[in-house]
>>> print(open('structure_37.cif').read())   # mmCIF, C-alpha atoms and all ligand atoms
data_protein
loop_
_atom_site.label_atom_id
_atom_site.label_comp_id
_atom_site.auth_asym_id
_atom_site.auth_seq_id
_atom_site.Cartn_x
_atom_site.Cartn_y
_atom_site.Cartn_z
CA MET A 1 17.85 122.29 -10.76
CA LEU A 2 15.10 119.84 -9.83
CA ASN A 3 15.85 118.07 -6.55
CA ILE A 4 15.39 114.36 -7.25
CA ARG A 5 15.60 111.66 -4.61
CA ILE A 6 17.04 108.43 -6.03
CA GLU A 7 16.16 105.00 -4.68
CA LYS A 8 17.94 102.32 -6.66
CA THR A 9 16.59 98.81 -7.09
CA THR A 10 18.19 96.07 -5.01
CA ASN A 11 16.94 93.54 -7.53
CA PRO A 12 18.09 94.62 -11.02
CA LYS A 13 16.68 92.77 -14.02
CA PRO A 14 19.05 91.14 -16.50
CA LEU A 15 19.74 93.41 -19.50
CA PRO A 16 18.25 92.15 -22.80
CA ALA A 17 20.48 89.69 -24.67
CA ALA A 18 22.61 91.15 -27.47
CA ASP A 19 20.46 89.42 -30.13
CA ASP A 20 17.09 90.44 -28.60
CA PRO A 21 15.06 92.20 -31.35
CA LEU A 22 13.80 94.70 -28.69
CA LYS A 23 10.26 94.80 -30.03
CA PHE A 24 8.89 98.32 -29.56
CA GLY A 25 7.43 99.05 -26.15
CA THR A 26 7.72 95.59 -24.60
CA ILE A 27 10.78 95.82 -22.32
CA PHE A 28 11.11 98.30 -19.45
CA THR A 29 14.20 99.32 -17.52
CA ASP A 30 14.91 99.04 -13.79
CA HIS A 31 13.74 102.50 -12.75
CA MET A 32 11.03 105.12 -13.26
CA PHE A 33 10.66 108.80 -12.40
CA ILE A 34 7.61 110.09 -10.47
CA MET A 35 6.63 113.55 -9.29
CA ASN A 36 3.33 114.52 -7.67
CA TYR A 37 1.18 117.61 -8.03
CA GLU A 38 -1.39 119.03 -5.69
CA THR A 39 -3.25 122.31 -6.08
CA GLY A 40 -1.74 124.79 -3.62
CA LYS A 41 1.47 122.78 -3.25
CA GLY A 42 2.58 122.55 -6.88
CA TRP A 43 4.85 119.82 -8.26
CA HIS A 44 6.73 118.08 -5.46
CA ASP A 45 8.46 114.89 -4.30
CA ALA A 46 10.45 114.24 -7.48
CA ARG A 47 11.96 110.78 -7.19
CA ILE A 48 13.50 107.95 -9.17
CA VAL A 49 12.39 104.59 -7.81
CA PRO A 50 12.46 100.93 -8.95
CA TYR A 51 10.07 100.30 -11.88
CA GLN A 52 6.80 99.24 -10.25
CA PRO A 53 3.00 99.28 -10.62
CA VAL A 54 1.17 102.56 -10.12
CA VAL A 55 -1.51 102.19 -7.43
CA LEU A 56 -4.59 104.37 -7.95
CA GLU A 57 -8.13 104.42 -6.66
CA PRO A 58 -10.64 103.02 -9.17
CA SER A 59 -12.31 106.43 -8.97
CA ALA A 60 -9.12 108.18 -10.18
CA MET A 61 -10.23 110.73 -12.76
CA VAL A 62 -7.86 109.54 -15.50
CA PHE A 63 -9.87 106.30 -15.81
CA HIS A 64 -13.15 108.09 -16.45
CA TYR A 65 -12.54 111.29 -18.35
CA GLY A 66 -9.20 110.76 -20.03
CA GLN A 67 -7.34 113.68 -18.47
CA GLU A 68 -3.85 112.50 -19.37
CA MET A 69 -1.03 113.46 -21.70
CA PHE A 70 2.14 111.81 -22.98
CA GLU A 71 5.38 112.54 -24.78
CA GLY A 72 7.88 110.42 -26.71
CA LEU A 73 11.59 110.94 -27.29
CA LYS A 74 14.73 108.82 -27.39
CA ALA A 75 18.22 108.55 -25.90
CA TYR A 76 21.03 107.33 -28.13
CA LYS A 77 24.49 105.98 -27.33
CA ALA A 78 27.13 107.53 -29.59
CA ALA A 79 30.12 105.48 -30.77
CA ASP A 80 32.34 107.40 -28.29
CA GLY A 81 30.05 106.40 -25.41
CA ARG A 82 28.26 109.76 -25.00
CA VAL A 83 24.55 109.56 -24.22
CA LEU A 84 22.55 111.95 -26.43
CA LEU A 85 19.02 113.37 -26.51
CA PHE A 86 17.51 115.11 -29.54
CA ARG A 87 15.80 118.47 -28.91
CA PRO A 88 14.32 117.53 -25.49
CA ASP A 89 13.44 121.21 -24.91
CA MET A 90 10.88 120.82 -27.72
CA ASN A 91 9.23 117.93 -25.87
CA ALA A 92 9.12 120.08 -22.72
CA LYS A 93 7.47 122.94 -24.63
CA ARG A 94 4.98 120.62 -26.30
CA THR A 95 4.17 119.08 -22.91
CA ASN A 96 3.08 122.48 -21.66
CA ASN A 97 1.05 123.19 -24.81
CA THR A 98 -0.72 119.86 -24.35
CA ASN A 99 -1.18 120.54 -20.63
CA LYS A 100 -2.74 123.90 -21.35
CA ARG A 101 -5.35 122.35 -23.64
CA LEU A 102 -6.12 119.55 -21.18
CA CYS A 103 -6.20 121.76 -18.03
CA ILE A 104 -3.17 119.95 -16.57
CA PRO A 105 -0.74 122.18 -14.60
CA GLN A 106 2.39 123.46 -16.36
CA ILE A 107 5.79 121.90 -15.64
CA PRO A 108 8.89 124.12 -15.75
CA GLU A 109 10.71 123.18 -18.97
CA GLU A 110 14.05 122.74 -17.16
CA ASP A 111 12.42 120.36 -14.67
CA PHE A 112 11.04 118.22 -17.50
CA VAL A 113 14.46 118.00 -19.15
CA ASP A 114 16.27 117.45 -15.80
CA ALA A 115 13.89 114.59 -14.96
CA VAL A 116 14.48 112.91 -18.35
CA LYS A 117 18.26 113.31 -18.03
CA ALA A 118 18.38 112.02 -14.45
CA LEU A 119 16.39 108.87 -15.25
CA VAL A 120 18.34 108.14 -18.45
CA LYS A 121 21.55 108.51 -16.46
CA VAL A 122 20.43 106.01 -13.81
CA ASP A 123 19.44 103.45 -16.47
CA ALA A 124 22.14 104.31 -19.03
CA ALA A 125 23.30 100.67 -19.12
CA TRP A 126 19.95 99.88 -20.78
CA ILE A 127 20.66 102.04 -23.86
CA PRO A 128 21.24 99.51 -26.63
CA THR A 129 24.25 100.07 -28.87
CA LYS A 130 23.54 98.12 -32.06
CA PRO A 131 22.89 100.20 -35.22
CA ASP A 132 19.49 101.93 -35.23
CA THR A 133 18.60 100.89 -31.66
CA SER A 134 17.79 103.43 -28.93
CA LEU A 135 16.19 103.93 -25.54
CA TYR A 136 12.61 105.13 -25.96
CA ILE A 137 11.54 107.63 -23.27
CA ARG A 138 7.86 107.89 -22.37
CA PRO A 139 6.93 110.80 -20.06
CA PHE A 140 3.22 111.03 -19.15
CA ILE A 141 0.88 112.76 -16.72
CA ILE A 142 -2.32 111.33 -15.23
CA ALA A 143 -5.16 112.94 -13.24
CA THR A 144 -5.46 111.14 -9.91
CA ASP A 145 -8.27 112.77 -7.89
CA PRO A 146 -10.64 110.05 -6.59
CA PHE A 147 -13.73 111.82 -7.93
CA LEU A 148 -16.45 111.08 -10.48
CA GLY A 149 -17.52 114.65 -11.19
CA VAL A 150 -16.32 116.35 -14.37
CA ARG A 151 -13.73 119.06 -13.73
CA PRO A 152 -9.94 119.25 -13.93
CA SER A 153 -8.26 117.15 -11.24
CA ASP A 154 -6.46 118.77 -8.29
CA THR A 155 -3.82 116.04 -8.12
CA TYR A 156 -1.58 114.50 -10.80
CA GLN A 157 1.37 112.21 -11.22
CA PHE A 158 4.09 112.93 -13.77
CA ILE A 159 5.83 109.64 -14.57
CA ILE A 160 8.65 108.69 -16.95
CA ILE A 161 9.40 105.15 -18.05
CA LEU A 162 12.11 103.87 -20.41
CA SER A 163 12.11 101.09 -22.99
CA PRO A 164 15.05 99.84 -25.09
CA VAL A 165 13.87 99.57 -28.71
CA GLY A 166 15.25 97.89 -31.81
CA PRO A 167 15.43 99.35 -35.32
CA TYR A 168 11.98 100.43 -36.51
CA TYR A 169 12.63 98.72 -39.83
CA PRO A 170 14.93 95.72 -39.25
CA GLU A 171 15.84 95.67 -42.97
CA GLY A 172 16.55 99.41 -43.25
CA LEU A 173 14.00 101.97 -44.48
CA ASP A 174 10.96 100.05 -45.59
CA PRO A 175 8.24 101.79 -47.65
CA VAL A 176 4.74 101.54 -46.17
CA LYS A 177 1.29 101.46 -47.75
CA ILE A 178 -1.12 104.05 -46.45
CA TRP A 179 -4.92 104.12 -46.30
CA ILE A 180 -6.60 107.52 -46.72
CA GLU A 181 -9.62 107.38 -44.40
CA ASP A 182 -12.78 109.11 -45.64
CA ASP A 183 -15.31 107.93 -43.06
CA TYR A 184 -13.86 108.17 -39.55
CA VAL A 185 -12.05 111.35 -38.51
CA ARG A 186 -9.26 111.72 -35.95
CA ALA A 187 -9.59 115.33 -34.88
CA ILE A 188 -11.22 118.64 -35.67
CA ARG A 189 -10.06 122.20 -35.25
CA GLY A 190 -10.91 123.36 -31.76
CA GLY A 191 -10.70 119.77 -30.48
CA ILE A 192 -7.63 118.04 -29.02
CA GLY A 193 -5.84 117.02 -32.24
CA GLU A 194 -2.79 119.18 -31.55
CA ALA A 195 -2.43 117.81 -28.00
CA LYS A 196 -0.40 114.63 -27.45
CA THR A 197 -2.98 112.61 -25.56
CA GLY A 198 -4.45 109.14 -25.54
CA GLY A 199 -7.87 110.42 -26.63
CA ASN A 200 -6.57 111.02 -30.14
CA TYR A 201 -5.28 107.47 -30.31
CA VAL A 202 -8.45 105.74 -29.18
CA ALA A 203 -10.30 107.83 -31.79
CA SER A 204 -8.02 106.35 -34.45
CA MET A 205 -8.24 102.66 -33.62
CA ALA A 206 -11.37 101.67 -35.57
CA ALA A 207 -9.94 103.05 -38.81
CA GLN A 208 -6.58 101.48 -38.04
CA LEU A 209 -8.24 98.04 -37.80
CA LYS A 210 -10.09 98.63 -41.06
CA ALA A 211 -6.87 99.65 -42.82
CA HIS A 212 -5.02 96.59 -41.48
CA GLU A 213 -7.76 94.30 -42.76
CA GLU A 214 -7.27 95.80 -46.21
CA GLY A 215 -3.49 95.27 -46.04
CA TYR A 216 -2.49 98.86 -45.23
CA SER A 217 -0.21 99.58 -42.30
CA GLN A 218 -1.18 103.17 -41.46
CA VAL A 219 -4.11 105.54 -41.75
CA LEU A 220 -3.77 108.97 -43.33
CA TRP A 221 -6.38 111.29 -41.85
CA LEU A 222 -8.35 113.95 -43.68
CA ASP A 223 -9.67 117.16 -42.12
CA GLY A 224 -12.74 116.53 -40.01
CA VAL A 225 -14.97 119.10 -41.68
CA GLU A 226 -14.69 118.76 -45.48
CA ARG A 227 -12.77 115.44 -45.50
CA LYS A 228 -10.86 116.80 -48.41
CA TYR A 229 -7.55 118.03 -47.03
CA ILE A 230 -4.67 115.89 -45.76
CA GLU A 231 -3.86 116.11 -42.03
CA GLU A 232 -1.42 113.48 -40.74
CA VAL A 233 -0.80 109.79 -40.19
CA GLY A 234 -1.84 109.42 -36.55
CA ALA A 235 1.64 108.93 -35.11
CA MET A 236 3.52 110.66 -37.93
CA ASN A 237 3.32 113.89 -39.87
CA ILE A 238 3.23 113.60 -43.65
CA PHE A 239 5.30 115.19 -46.42
CA PHE A 240 4.95 115.19 -50.22
CA LYS A 241 7.65 116.13 -52.70
CA ILE A 242 5.83 117.35 -55.78
CA ASN A 243 7.70 118.78 -58.74
CA GLY A 244 10.74 119.70 -56.64
CA THR A 245 8.81 121.33 -53.79
CA VAL A 246 8.39 119.78 -50.34
CA ILE A 247 4.82 120.22 -49.15
CA THR A 248 3.34 119.40 -45.73
CA PRO A 249 -0.04 120.29 -44.25
CA MET A 250 0.18 123.48 -42.20
CA LEU A 251 -0.38 123.27 -38.44
CA ASN A 252 -4.05 124.17 -38.27
CA GLY A 253 -5.02 123.17 -34.73
CA SER A 254 -5.96 119.58 -35.46
CA ILE A 255 -2.49 118.32 -36.43
CA LEU A 256 0.14 117.28 -33.90
CA PRO A 257 3.21 119.54 -34.20
CA GLY A 258 5.92 116.90 -34.62
CA ILE A 259 9.49 117.65 -33.61
CA THR A 260 10.75 115.50 -36.50
CA ARG A 261 8.45 117.53 -38.80
CA ASN A 262 9.99 120.75 -37.50
CA SER A 263 13.55 119.38 -37.99
CA VAL A 264 12.81 118.13 -41.53
CA ILE A 265 11.40 121.52 -42.56
CA ALA A 266 14.50 123.27 -41.14
CA LEU A 267 16.89 120.89 -42.96
CA CYS A 268 15.08 121.17 -46.31
CA LYS A 269 15.19 124.97 -46.07
CA GLU A 270 18.93 124.86 -45.26
CA TRP A 271 19.47 122.67 -48.30
CA GLY A 272 17.71 125.19 -50.51
CA ILE A 273 14.68 123.00 -51.20
CA PRO A 274 11.45 124.99 -51.42
CA VAL A 275 9.12 124.07 -48.54
CA GLU A 276 5.43 124.91 -48.35
CA GLU A 277 3.28 124.50 -45.22
CA ARG A 278 -0.25 124.77 -46.55
CA ARG A 279 -3.47 122.91 -47.19
CA VAL A 280 -3.03 119.85 -49.44
CA SER A 281 -6.13 118.27 -50.96
CA VAL A 282 -6.56 114.64 -51.97
CA ASP A 283 -7.38 115.95 -55.45
CA GLU A 284 -3.97 117.60 -55.66
CA LEU A 285 -2.30 114.27 -54.80
CA TYR A 286 -4.34 112.50 -57.50
CA GLU A 287 -3.32 115.07 -60.03
CA ALA A 288 0.37 114.86 -59.07
CA ALA A 289 0.33 111.04 -59.15
CA LYS A 290 -1.41 111.10 -62.54
CA ASN A 291 0.86 113.62 -64.23
CA GLY A 292 4.06 112.11 -62.82
CA THR A 293 5.10 115.03 -60.56
CA MET A 294 4.64 113.12 -57.29
CA GLU A 295 8.29 112.46 -56.52
CA GLU A 296 8.27 111.30 -52.89
CA VAL A 297 5.91 110.78 -49.96
CA PHE A 298 7.16 110.18 -46.42
CA GLY A 299 6.01 110.28 -42.82
CA THR A 300 8.05 111.80 -39.98
CA GLY A 301 8.09 110.88 -36.29
CA THR A 302 10.39 109.95 -33.42
CA ALA A 303 9.78 106.19 -33.77
CA ALA A 304 10.84 105.70 -37.41
CA VAL A 305 12.39 109.15 -38.12
CA ILE A 306 11.45 108.95 -41.81
CA SER A 307 8.93 106.47 -43.17
CA PRO A 308 8.80 106.34 -46.99
CA VAL A 309 5.33 105.74 -48.45
CA SER A 310 4.97 103.55 -51.52
CA HIS A 311 1.18 103.51 -52.02
CA LEU A 312 -1.77 105.67 -51.03
CA ARG A 313 -5.25 104.23 -51.24
CA PHE A 314 -8.29 106.49 -51.39
CA GLN A 315 -11.69 104.82 -51.82
CA ASP A 316 -11.22 102.49 -54.77
CA HIS A 317 -8.11 104.11 -56.15
CA VAL A 318 -4.52 103.20 -55.42
CA LEU A 319 -1.90 105.85 -56.09
CA GLN A 320 1.59 104.46 -56.48
CA VAL A 321 4.45 106.77 -55.58
CA GLN A 322 7.10 106.49 -58.31
CA ASP A 323 8.51 102.94 -58.37
CA GLY A 324 7.51 102.28 -54.74
CA GLY A 325 11.13 102.54 -53.53
CA ILE A 326 12.92 104.94 -51.19
CA GLY A 327 13.23 108.49 -52.49
CA GLU A 328 16.56 110.30 -52.56
CA LEU A 329 15.37 113.06 -50.20
CA SER A 330 13.76 110.54 -47.81
CA GLN A 331 17.07 108.69 -47.54
CA LYS A 332 19.10 111.89 -47.10
CA LEU A 333 16.76 113.16 -44.37
CA TYR A 334 16.90 109.81 -42.57
CA ASP A 335 20.69 109.68 -42.75
CA THR A 336 21.02 113.27 -41.54
CA VAL A 337 18.52 113.20 -38.67
CA SER A 338 19.60 109.80 -37.37
CA GLY A 339 23.28 110.76 -37.87
CA LEU A 340 22.77 113.87 -35.72
CA GLN A 341 20.85 111.90 -33.09
CA ARG A 342 23.64 109.34 -32.80
CA GLY A 343 26.49 111.85 -32.79
CA GLN A 344 27.82 110.70 -36.19
CA ILE A 345 27.23 114.12 -37.73
CA GLU A 346 28.39 117.26 -35.97
CA ASP A 347 25.52 119.25 -34.46
CA THR A 348 25.69 122.90 -35.53
CA ARG A 349 22.12 123.80 -34.59
CA GLY A 350 22.05 123.14 -30.82
CA TRP A 351 19.70 120.18 -31.33
CA VAL A 352 21.76 117.52 -29.57
CA VAL A 353 21.93 117.48 -25.76
CA GLU A 354 24.37 115.29 -23.89
CA VAL A 355 23.32 113.48 -20.70
CA LYS A 356 26.25 113.80 -18.30
C1 LIG B 401 4.01 112.15 -31.52
C2 LIG B 401 3.17 112.31 -32.72
C3 LIG B 401 3.70 112.67 -33.99
C4 LIG B 401 5.19 112.77 -34.26
O1 LIG B 401 5.84 113.72 -33.46
P1 LIG B 401 7.42 113.66 -33.25
O2 LIG B 401 7.66 114.74 -32.26
O3 LIG B 401 8.05 113.92 -34.55
O4 LIG B 401 7.72 112.30 -32.72
C5 LIG B 401 2.83 112.86 -35.03
N1 LIG B 401 1.49 112.72 -34.88
C6 LIG B 401 0.95 112.37 -33.68
C7 LIG B 401 -0.52 112.24 -33.57
C8 LIG B 401 1.76 112.15 -32.57
O5 LIG B 401 1.20 111.79 -31.41
#
>>> encode(input="structure_37.cif", output="structure tokens", more="lines below")
Ligand SMILES: *Cc1c(COP(=O)(O)O)cnc(C)c1O
Amino acid sequence: MLNIRIEKTTNPKPLPAADDPLKFGTIFTDHMFIMNYETGKGWHDARIVPYQPVVLEPSAMVFHYGQEMFEGLKAYKAADGRVLLFRPDMNAKRTNNTNKRLCIPQIPEEDFVDAVKALVKVDAAWIPTKPDTSLYIRPFIIATDPFLGVRPSDTYQFIIILSPVGPYYPEGLDPVKIWIEDDYVRAIRGGIGEAKTGGNYVASMAAQLKAHEEGYSQVLWLDGVERKYIEEVGAMNIFFKINGTVITPMLNGSILPGITRNSVIALCKEWGIPVEERRVSVDELYEAAKNGTMEEVFGTGTAAVISPVSHLRFQDHVLQVQDGGIGELSQKLYDTVSGLQRGQIEDTRGWVVEVK
């Protein structure tokens, strides 16, 4: 059990008003978790303190070479008052996979989960209760050595902050239009695409702006070598239902292994739906859209759970997915995953963890 010192704020902020839309990532709770690392000493001084600025030297390595990682998960308040997390052990495992790639020290999985639970417990009053709201949890690690040479840092801070968030789609599931990018690339095999790190996001911004200007909300990335095979949507993994089979790009080293992706694959298999994890080319999508076998397209991720896709644009062509509405499987997956997360559906898979 991680030993965490708790220093509560003497100056709590007012909780958001009941009708606050809780725009994603704009409101932060009263407390934060911090733990330090030093080579030779390991992780130490785990503490929960009032939410406050982080003070670093301008020479801190994170500012210059991007040695940082992050995670994203949510806490939910069930109708009976229980506070629930969804598969936090998977976030802990992924943290260590990311850390390995970025030369950041490993964190014991139990310590990661204990830290999340302890902070959520201290700020449990901030978990919103309206339908489809939740408390977003953002763990991250930064390299803090004051040094301008290029090498892994010897000191780090592991920090967790919390943000109450409203429904991703205020009107219920809302199909999005997606831009297939054929010029910029997000990641290549052997790079850092499968690590959850800011570097992948800054690489995506130019294409994101371009897509927005054209009226598309998200970018769908192609492989960085042939620019022919589908990878993912930048903050979501992508699924296609073609002629009764659910198809998603296989994890090839440049795709982020989403926990929602993993859960969706497991559920589809349980429901007897054929699932294929393999390469998917743009040509195959064209063909399926043209011959009417493209039944559903949806993204998966912690923020929106399931994000139905109504249109895909590639170069000068727009592929419409069926009638542009919400597919039957998309809706069922959304209802099931969010029902489990909120304790409305009984968990038989050991996915739901209560914060006590
Ligand atoms: C976090 C993330 C996802 C979604 O992962 P979940 O664990 O399902 O939230 C997908 N792609 C990228 C690039 C991500 O950073």
>>> closest_residue(input="structure_37.cif", among="A:Gln157, A:Thr10, A:Thr302, A:Thr98", to="ligand LIG 401 (chain B)", atoms="only C-alpha atoms and all ligand atoms")
A:Thr302
>>> residues_near_ligand(input="structure_37.cif", ligand="ligand LIG 401 (chain B)", cutoff="8 Å", atoms="all atoms listed in the file", output="NGL selection string")
:A and (71-73 or 91 or 193-197 or 200-201 or 232-237 or 255-262 or 300-303 or 305)
>>> closest_residue(input="structure_37.cif", among="A:Gly339, A:Gly244, A:Pro249, A:Gly350", to="Thr293 in chain A", atoms="only C-alpha atoms")
A:Gly244
>>> closest_residue(input="structure_37.cif", among="A:Asp316, A:Asp123, A:Asp145, A:Asp20", to="Asn36 in chain A", atoms="only C-alpha atoms")
A:Asp145
>>> atom_distance(input="structure_37.cif", atom1="CA of Glu231 in chain A", atom2="CA of Ser217 in chain A")
16.9 Å
>>> residues_around(input="structure_37.cif", residues="range 47-62 of chain A", least_positions_apart="3", cutoff="10 Å", atoms="only C-alpha atoms", output="ChimeraX atom specification")
/A:2-12,28-36,44,65-68,115,118-119,122,141-157,159-162
>>> atom_distance(input="structure_37.cif", atom1="CA of Ser163 in chain A", atom2="CA of Leu135 in chain A")
5.6 Å
>>> atom_distance(input="structure_37.cif", atom1="CA of Tyr76 in chain A", atom2="CA of Arg342 in chain A")
5.7 Å
>>> residues_around(input="structure_37.cif", residues="Gln208 in chain A", least_positions_apart="2", cutoff="8 Å", atoms="all atoms listed in the file", output="PyMOL selection string")
chain A and resi 204-206+210-212+217-219
>>> closest_residue(input="structure_37.cif", among="A:Gln106, A:Asn96, A:Thr26, A:Thr129", to="Val83 in chain A", atoms="all atoms listed in the file")
A:Thr129
>>> residues_around(input="structure_37.cif", residues="Tyr286 in chain A", least_positions_apart="5", cutoff="10 Å", atoms="all atoms listed in the file", output="short mmCIF file (atom, residue, chain, number, x, y, z; two decimals) with C-alpha atoms, in the frame of the given file")
data_model
loop_
_atom_site.label_atom_id
_atom_site.label_comp_id
_atom_site.auth_asym_id
_atom_site.auth_seq_id
_atom_site.Cartn_x
_atom_site.Cartn_y
_atom_site.Cartn_z
CA SER A 281 -6.13 118.27 -50.96
CA ASN A 291 0.86 113.62 -64.23
CA GLY A 292 4.06 112.11 -62.82
CA MET A 294 4.64 113.12 -57.29
CA LEU A 312 -1.77 105.67 -51.03
CA PHE A 314 -8.29 106.49 -51.39
CA HIS A 317 -8.11 104.11 -56.15
CA VAL A 318 -4.52 103.20 -55.42
CA LEU A 319 -1.90 105.85 -56.09
#
>>> residues_around(input="structure_37.cif", residues="Val321 in chain A", least_positions_apart="5", cutoff="8 Å", atoms="all atoms listed in the file", output="list in words")
Ala289, Met294, Glu295, Glu296, Val297, Val309, Ser310, His311 and Leu312 of chain A
>>> closest_residue(input="structure_37.cif", among="A:Leu209, A:Leu220, A:Val264, A:Ile247", to="Ile180 in chain A", atoms="all atoms listed in the file")
A:Leu220
>>> closest_residue(input="structure_37.cif", among="A:Ala18, A:Ala288, A:Val165, A:Leu84", to="Leu340 in chain A", atoms="all atoms listed in the file")
A:Leu84
>>> residues_near_point(input="structure_37.cif", point="(21.0, 109.8, -34.5)", cutoff="10 Å", atoms="only C-alpha atoms", output="VMD selection string")
chain A and resid 74 to 78 84 to 86 131 to 134 305 334 to 345 352
>>> residues_around(input="structure_37.cif", residues="Phe298 in chain A", least_positions_apart="3", cutoff="6 Å", atoms="all atoms listed in the file", output="VMD selection string")
chain A and resid 238 to 239 307 to 309
>>> build_atoms(input="structure_37.cif", residues="range 141-156 of chain A", atoms="N, CA, C and O atoms", output="PDB file, keeping the file's coordinate frame")
ATOM      1  N   ILE A 141       1.512 112.175 -17.911  1.00  0.00           N
ATOM      2  CA  ILE A 141       0.880 112.760 -16.720  1.00  0.00           C
ATOM      3  C   ILE A 141      -0.547 112.230 -16.643  1.00  0.00           C
ATOM      4  O   ILE A 141      -1.258 112.190 -17.652  1.00  0.00           O
ATOM      5  N   ILE A 142      -0.954 111.824 -15.437  1.00  0.00           N
ATOM      6  CA  ILE A 142      -2.320 111.330 -15.230  1.00  0.00           C
ATOM      7  C   ILE A 142      -3.004 112.106 -14.104  1.00  0.00           C
ATOM      8  O   ILE A 142      -2.365 112.519 -13.143  1.00  0.00           O
ATOM      9  N   ALA A 143      -4.335 112.265 -14.253  1.00  0.00           N
ATOM     10  CA  ALA A 143      -5.160 112.940 -13.240  1.00  0.00           C
ATOM     11  C   ALA A 143      -5.559 111.896 -12.196  1.00  0.00           C
ATOM     12  O   ALA A 143      -6.100 110.849 -12.542  1.00  0.00           O
ATOM     13  N   THR A 144      -5.303 112.196 -10.927  1.00  0.00           N
ATOM     14  CA  THR A 144      -5.460 111.140  -9.910  1.00  0.00           C
ATOM     15  C   THR A 144      -6.518 111.415  -8.838  1.00  0.00           C
ATOM     16  O   THR A 144      -6.689 110.609  -7.929  1.00  0.00           O
ATOM     17  N   ASP A 145      -7.232 112.540  -8.911  1.00  0.00           N
ATOM     18  CA  ASP A 145      -8.270 112.770  -7.890  1.00  0.00           C
ATOM     19  C   ASP A 145      -9.257 111.601  -7.868  1.00  0.00           C
ATOM     20  O   ASP A 145      -9.753 111.196  -8.922  1.00  0.00           O
ATOM     21  N   PRO A 146      -9.601 111.079  -6.663  1.00  0.00           N
ATOM     22  CA  PRO A 146     -10.640 110.050  -6.590  1.00  0.00           C
ATOM     23  C   PRO A 146     -12.010 110.726  -6.600  1.00  0.00           C
ATOM     24  O   PRO A 146     -12.569 111.048  -5.553  1.00  0.00           O
ATOM     25  N   PHE A 147     -12.541 110.969  -7.805  1.00  0.00           N
ATOM     26  CA  PHE A 147     -13.730 111.820  -7.930  1.00  0.00           C
ATOM     27  C   PHE A 147     -14.417 111.547  -9.258  1.00  0.00           C
ATOM     28  O   PHE A 147     -13.756 111.502 -10.292  1.00  0.00           O
ATOM     29  N   LEU A 148     -15.729 111.390  -9.239  1.00  0.00           N
ATOM     30  CA  LEU A 148     -16.450 111.080 -10.480  1.00  0.00           C
ATOM     31  C   LEU A 148     -17.123 112.290 -11.122  1.00  0.00           C
ATOM     32  O   LEU A 148     -17.799 112.141 -12.136  1.00  0.00           O
ATOM     33  N   GLY A 149     -16.970 113.462 -10.551  1.00  0.00           N
ATOM     34  CA  GLY A 149     -17.520 114.650 -11.190  1.00  0.00           C
ATOM     35  C   GLY A 149     -16.604 115.118 -12.313  1.00  0.00           C
ATOM     36  O   GLY A 149     -15.429 114.778 -12.338  1.00  0.00           O
ATOM     37  N   VAL A 150     -17.148 115.882 -13.257  1.00  0.00           N
ATOM     38  CA  VAL A 150     -16.320 116.350 -14.370  1.00  0.00           C
ATOM     39  C   VAL A 150     -15.782 117.747 -14.089  1.00  0.00           C
ATOM     40  O   VAL A 150     -16.534 118.707 -14.008  1.00  0.00           O
ATOM     41  N   ARG A 151     -14.472 117.803 -13.890  1.00  0.00           N
ATOM     42  CA  ARG A 151     -13.730 119.060 -13.730  1.00  0.00           C
ATOM     43  C   ARG A 151     -12.259 118.669 -13.778  1.00  0.00           C
ATOM     44  O   ARG A 151     -11.931 117.484 -13.651  1.00  0.00           O
ATOM     45  N   PRO A 152     -11.352 119.636 -13.965  1.00  0.00           N
ATOM     46  CA  PRO A 152      -9.940 119.250 -13.930  1.00  0.00           C
ATOM     47  C   PRO A 152      -9.562 118.741 -12.534  1.00  0.00           C
ATOM     48  O   PRO A 152     -10.044 119.259 -11.525  1.00  0.00           O
ATOM     49  N   SER A 153      -8.712 117.736 -12.506  1.00  0.00           N
ATOM     50  CA  SER A 153      -8.260 117.150 -11.240  1.00  0.00           C
ATOM     51  C   SER A 153      -7.413 118.156 -10.448  1.00  0.00           C
ATOM     52  O   SER A 153      -6.841 119.093 -11.022  1.00  0.00           O
ATOM     53  N   ASP A 154      -7.348 117.956  -9.140  1.00  0.00           N
ATOM     54  CA  ASP A 154      -6.460 118.770  -8.290  1.00  0.00           C
ATOM     55  C   ASP A 154      -5.144 118.063  -7.997  1.00  0.00           C
ATOM     56  O   ASP A 154      -4.236 118.655  -7.427  1.00  0.00           O
ATOM     57  N   THR A 155      -5.069 116.787  -8.348  1.00  0.00           N
ATOM     58  CA  THR A 155      -3.820 116.040  -8.120  1.00  0.00           C
ATOM     59  C   THR A 155      -3.432 115.302  -9.401  1.00  0.00           C
ATOM     60  O   THR A 155      -4.299 114.867 -10.174  1.00  0.00           O
ATOM     61  N   TYR A 156      -2.116 115.164  -9.595  1.00  0.00           N
ATOM     62  CA  TYR A 156      -1.580 114.500 -10.800  1.00  0.00           C
ATOM     63  C   TYR A 156      -0.321 113.747 -10.444  1.00  0.00           C
ATOM     64  O   TYR A 156       0.342 114.054  -9.453  1.00  0.00           O
TER      65      TYR A 156
END
